[in-house]
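First comes the structure, then the notes that go with it.
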Amino acid sequence: MFKKVVSNLLSRKSAQQLIDRARSGSLKKTLNAFDLFVIGIGAVVGTGILTIIGTAIQGGPESIGAGPAIVISMILAALACVFSALCYSEVASIIPVSGSVYTYCYATLGEFAAWIVGWVLMLNYVIGNITVASSWCGYLTQLLKGFSQYLPSFITNCPIWLRSDVRSIYHMCERYGLDVHDKIPFLFDKIPFAINLPVIALTLLSTLILIKGIKESTRFATIMVGLNLFMIISFIIVGAFYVKPENWVPFAPNGISGILMGAFIIFFAYIGFDAVSTAAEETKNPQKDLPVAILGTLIFCTILYILVALVLTGIVPINQINPSAPIAAALTLINKNFLAGFISVAAVCALASVFLICQLASTRILYAMSRDKFLPKILRSIHKKHRTPHIMTWIVGLVIIICSLFMDLNISAELCNYGTFTSFIAICIAVIILRKTEPNLKRPFKVPFVPLFPILGIIACLSLMIYSLQQLTTSTVMFPLWIFIGALIYFGFSYKNLRR
């Protein structure tokens, strides 16, 4: 009996089985290389540059900052990513199927590992989207305050309990010595109540766009990404004239510890090229376009991040950086209020596109898991008109709305990072295994120096992950708990269902 259970846990689907199943699927193939590149850029050039970079430089409630040495942190994060990106490119070109690392693990490590990785990916996208939504709401609030002379006070100065979560309100009151009862209503005088109306509106809009079709979603993302890139490049060009080299001293105020912690925090932004692979099944020529989009996203965004970091830390002393809106605040400091306003507009647009793309990725992964019988059959239903997984899209939207009521930006970002490291390690292992088990597969793209490069990717991700576990507290407890819950679901429902 024990041997049978272990054999079932390790049961795999061949690459050809996964490809044949995808060909018989109902998802519409409409995406090209440019669409995939937009998805990648939209997922990367958002929260990382607009908010998380401030925390990575200055530090957060449970972490120390890298200071101007954030540039080194970015390079370390990119190096940790590049090996994984190469592995993504190879496996995605071999198995162009929805599901990202979940699907690739099913072909290499077996069904239990595939389920756990898929469950962890939900941290990356569903829970990670809470960070995006919180950042978006913050920028929207700041933007609306600029129209206080033209809009009603209820809109420009909305009560905090209608635009934040309970945890964040408690933290704010504790930090500034405020009475929480003045900031938030209590049900029955005992239960604090808060509801983030802007996040609910964003989630509903994103859900409706995704149900209508992936091509329409990428068109929306293209407009948002274009506006965002224009504003970011404008910041680099204008800000370069106000850089003061003395602001780069001390370069690494917290030494190597700050640099490593900065690399961990900024890693949140690099999940974008994983989002590219989730759309493989809806791509016209995935074998060619996926590697180009994945590697192109990583290279382009790393260069952009480094330039932004150099200008930002050159303009503003690290103790004056605003963690919630670092770029807009930096422009205000140099009296570029007009451009700061445009940056706020770009931030709202960019974060909306990141939110949309992350929700897209999560629904495609869950769709693939449902198709493999890990989840109930009804969840893989396809809309008759739009050919999209509409039920799954609505469920993901509702989960985001519910989680936004009690999860804050920092915790969700840290959990997302743990999920990202886990998936990156898994994809590196998948390449090594596939080279041994299916050496004759046609590989339109091949990782050089196997197994050296995949092993370096594993070491890089594992090192940052272990280091961060020693520094953080809340997310360190929640991540193993999330894995445990996933294992319970597998043995309580999925295992029996797969044996039918």
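Please note that chains go A, B, ... in the order of the structure tokens, that every chain numbers its residues from 1, and that ligands are numbered from 1 in the order shown.
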TODO: as number ranges by chain, please: all residues of stretch 76-217 of chain A that backbone DSSP puts in helix (DSSP H, G or I).
DONE: A: 76-94, 101-106, 111-145, 153-156, 160-162, 166-176, 180-182, 197-212, 214-217
Open item on the list: Env of A:Ile466: 10 Å cut, atoms = only C-alpha atoms, seq-sep filter 5 positions within chain, self excluded. Answer as an MDAnalysis selection string.
Closed with: chainID A and resid 418 461 471
Emit the selected residues as a short mmCIF file (atom, residue, chain, number, x, y, z; two decimals), in the first residue's frame, including N, CA, C and O atoms.
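Saved to out-v1.cif:
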```cif
data_model
loop_
_atom_site.label_atom_id
_atom_site.label_comp_id
_atom_site.auth_asym_id
_atom_site.auth_seq_id
_atom_site.Cartn_x
_atom_site.Cartn_y
_atom_site.Cartn_z
N TYR A 418 8.47 34.20 -1.50
CA TYR A 418 8.72 32.80 -1.17
C TYR A 418 8.16 31.88 -2.26
O TYR A 418 8.77 30.88 -2.63
N CYS A 461 18.73 31.16 -5.73
CA CYS A 461 17.40 31.35 -5.15
C CYS A 461 17.32 30.80 -3.73
O CYS A 461 16.75 31.44 -2.83
N GLN A 471 15.52 36.64 8.74
CA GLN A 471 15.28 38.06 9.03
C GLN A 471 13.82 38.40 9.28
O GLN A 471 13.51 39.33 10.02
#
```
Open item on the list: Under the rule that only C-alpha atoms are counted, which of A:Ala413, A:Leu50, A:Ile94, A:Cys358 is the nearest residue to A:Ala325?
Closed with: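 Of the candidates, the smallest distance to A:Ala325 is held by A:Leu50.
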Open item on the list: Restricting the calculation to only C-alpha atoms: of A:Pro198, A:Gly419, A:Gly492, A:Pro444, which residue gets closest to A:Thr476?
Closed with: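 Of the candidates, the smallest distance to A:Thr476 is held by A:Gly419.
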Sort by chain and increasing residue number a table of all residues of stretch 115-186 of chain A within 12 Å of stretch 344-356 of chain A, each with its closest pair of atoms and their distance in Å to one decimal, counting only C-alpha atoms, and write it as JSON lines.
```
{"residue": "A:Asn124", "atom": "CA", "partner": "A:Phe355", "partner_atom": "CA", "distance": 11.8}
{"residue": "A:Tyr125", "atom": "CA", "partner": "A:Phe355", "partner_atom": "CA", "distance": 8.9}
{"residue": "A:Val126", "atom": "CA", "partner": "A:Phe355", "partner_atom": "CA", "distance": 9.5}
{"residue": "A:Ile127", "atom": "CA", "partner": "A:Phe355", "partner_atom": "CA", "distance": 11.1}
{"residue": "A:Gly128", "atom": "CA", "partner": "A:Phe355", "partner_atom": "CA", "distance": 9.3}
{"residue": "A:Asn129", "atom": "CA", "partner": "A:Phe355", "partner_atom": "CA", "distance": 6.1}
{"residue": "A:Ile130", "atom": "CA", "partner": "A:Phe355", "partner_atom": "CA", "distance": 8.8}
{"residue": "A:Thr131", "atom": "CA", "partner": "A:Phe355", "partner_atom": "CA", "distance": 9.3}
{"residue": "A:Val132", "atom": "CA", "partner": "A:Phe355", "partner_atom": "CA", "distance": 6.1}
{"residue": "A:Ala133", "atom": "CA", "partner": "A:Phe355", "partner_atom": "CA", "distance": 6.8}
{"residue": "A:Ser134", "atom": "CA", "partner": "A:Leu351", "partner_atom": "CA", "distance": 9.6}
{"residue": "A:Ser135", "atom": "CA", "partner": "A:Leu351", "partner_atom": "CA", "distance": 7.4}
{"residue": "A:Trp136", "atom": "CA", "partner": "A:Leu351", "partner_atom": "CA", "distance": 5.6}
{"residue": "A:Cys137", "atom": "CA", "partner": "A:Val348", "partner_atom": "CA", "distance": 8.0}
{"residue": "A:Gly138", "atom": "CA", "partner": "A:Val348", "partner_atom": "CA", "distance": 9.0}
{"residue": "A:Tyr139", "atom": "CA", "partner": "A:Val348", "partner_atom": "CA", "distance": 6.1}
{"residue": "A:Leu140", "atom": "CA", "partner": "A:Val348", "partner_atom": "CA", "distance": 6.0}
{"residue": "A:Thr141", "atom": "CA", "partner": "A:Val348", "partner_atom": "CA", "distance": 9.7}
{"residue": "A:Gln142", "atom": "CA", "partner": "A:Ser344", "partner_atom": "CA", "distance": 7.6}
{"residue": "A:Leu143", "atom": "CA", "partner": "A:Ser344", "partner_atom": "CA", "distance": 6.1}
{"residue": "A:Leu144", "atom": "CA", "partner": "A:Ser344", "partner_atom": "CA", "distance": 9.8}
{"residue": "A:Lys145", "atom": "CA", "partner": "A:Ser344", "partner_atom": "CA", "distance": 11.2}
{"residue": "A:Gly146", "atom": "CA", "partner": "A:Ser344", "partner_atom": "CA", "distance": 10.2}
```
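The spacing separating atom CA of A:Ala460 from atom CA of A:Ala80 amounts to 5.2 Å.
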Task: Top pick for closest residue to A:Ile357, considering A:Ala43, A:Ile411, A:Leu9, A:Ile334 and counting only C-alpha atoms - done: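 Selected residue with least distance to A:Ile357: A:Ala43.
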Open item on the list: Just checking: using only C-alpha atoms, which residue out of A:Phe264, A:Phe147, A:Ala275, A:Ile391 ends up closest to A:Met465?
Closed with: A:Phe264
Task: A:Leu360, A:Ile232, A:Val101, A:Ile432 ranked by distance to A:Glu282, top pick (using only C-alpha atoms) - done: A:Leu360
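When DSSP is run on the backbone, the residues of stretch 66-295 of chain A that fall into strand (DSSP E or B) are Phe186, Leu187, Ile191, Pro192 and Thr283 of chain A.
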- [ ] Rank nothing, just name the residue among A:Arg387, A:Lys212, A:Lys183, A:Arg167 nearest to A:Ser404, using only C-alpha atoms.
- [x] A:Arg167
Task: 10 Å contact set for A:Ala252, only C-alpha atoms, chain neighbours under 3 positions out, as a list in words - done: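 These residues fall inside the cut-off: Ile57, Gly65, Ala66, Gly67, Pro68, Ala69, Ile70, Ile72, Trp248, Val249, Gly255, Ile256, Ser257, Gly258 and Ile259 of chain A.
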Open item on the list: Can you tell me which residues surround A:Phe268 at a distance of at most 12 Å, considering only C-alpha atoms, apart from same-chain residues fewer than 6 positions away, and format the answer as number ranges by chain?
Closed with: A: 43-49, 51-53, 55-56, 74, 77-78, 81, 123-125, 128-129, 131-132, 261-262, 274, 409-421
Task: Within 12 Å of A:Phe37 using only C-alpha atoms, minus same-chain residues under 5 positions, as an MDAnalysis selection string - done: chainID A and resid 31:32 42:45 218 221:222 225:226 272:277 279 283 289:301 357
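Separating atom CA of A:Pro96 from atom CA of A:Gln287 is a distance of 6.9 Å.
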Task: Atom pair atom CA of A:Leu208 / atom CA of A:Val396: separation (Å) - done: 12.0 Å
Task: Non-local contacts of A:Lys385 (10 Å; only C-alpha atoms; under 3 positions in same chain excluded) as a PyMOL selection string - done: chain A and resi 211-213+382+388
Any chance you could export the current selection's all heavy atoms as a compact mmCIF listing (two decimals), in the first residue's frame?
```
# COMPACT_ATOMS: atom_id res chain seq x y z
N ILE A 211 -12.61 38.16 -18.66
CA ILE A 211 -13.66 37.27 -19.16
C ILE A 211 -13.95 37.55 -20.63
O ILE A 211 -14.19 36.63 -21.42
CB ILE A 211 -14.94 37.41 -18.32
CG1 ILE A 211 -14.72 36.79 -16.94
CG2 ILE A 211 -16.13 36.75 -19.01
CD1 ILE A 211 -15.88 36.99 -15.99
N LYS A 212 -13.87 38.80 -21.00
CA LYS A 212 -14.16 39.16 -22.39
C LYS A 212 -13.17 38.55 -23.37
O LYS A 212 -13.52 38.19 -24.49
CB LYS A 212 -14.20 40.68 -22.55
CG LYS A 212 -14.67 41.12 -23.92
CD LYS A 212 -14.85 42.63 -23.99
CE LYS A 212 -15.38 43.03 -25.38
NZ LYS A 212 -15.57 44.50 -25.48
N GLY A 213 -11.88 38.43 -22.97
CA GLY A 213 -10.90 37.80 -23.86
C GLY A 213 -9.49 38.24 -23.57
O GLY A 213 -9.26 39.38 -23.14
N ILE A 382 -15.44 26.73 -19.89
CA ILE A 382 -15.03 27.79 -20.82
C ILE A 382 -16.27 28.55 -21.29
O ILE A 382 -17.30 27.96 -21.62
CB ILE A 382 -14.29 27.19 -22.04
CG1 ILE A 382 -13.02 26.47 -21.59
CG2 ILE A 382 -13.95 28.28 -23.06
CD1 ILE A 382 -11.99 27.38 -20.97
N THR A 388 -13.01 31.87 -22.68
CA THR A 388 -12.14 32.12 -21.53
C THR A 388 -12.69 31.36 -20.31
O THR A 388 -13.89 31.11 -20.23
CB THR A 388 -12.07 33.62 -21.19
OG1 THR A 388 -13.41 34.11 -20.98
CG2 THR A 388 -11.41 34.40 -22.31
```
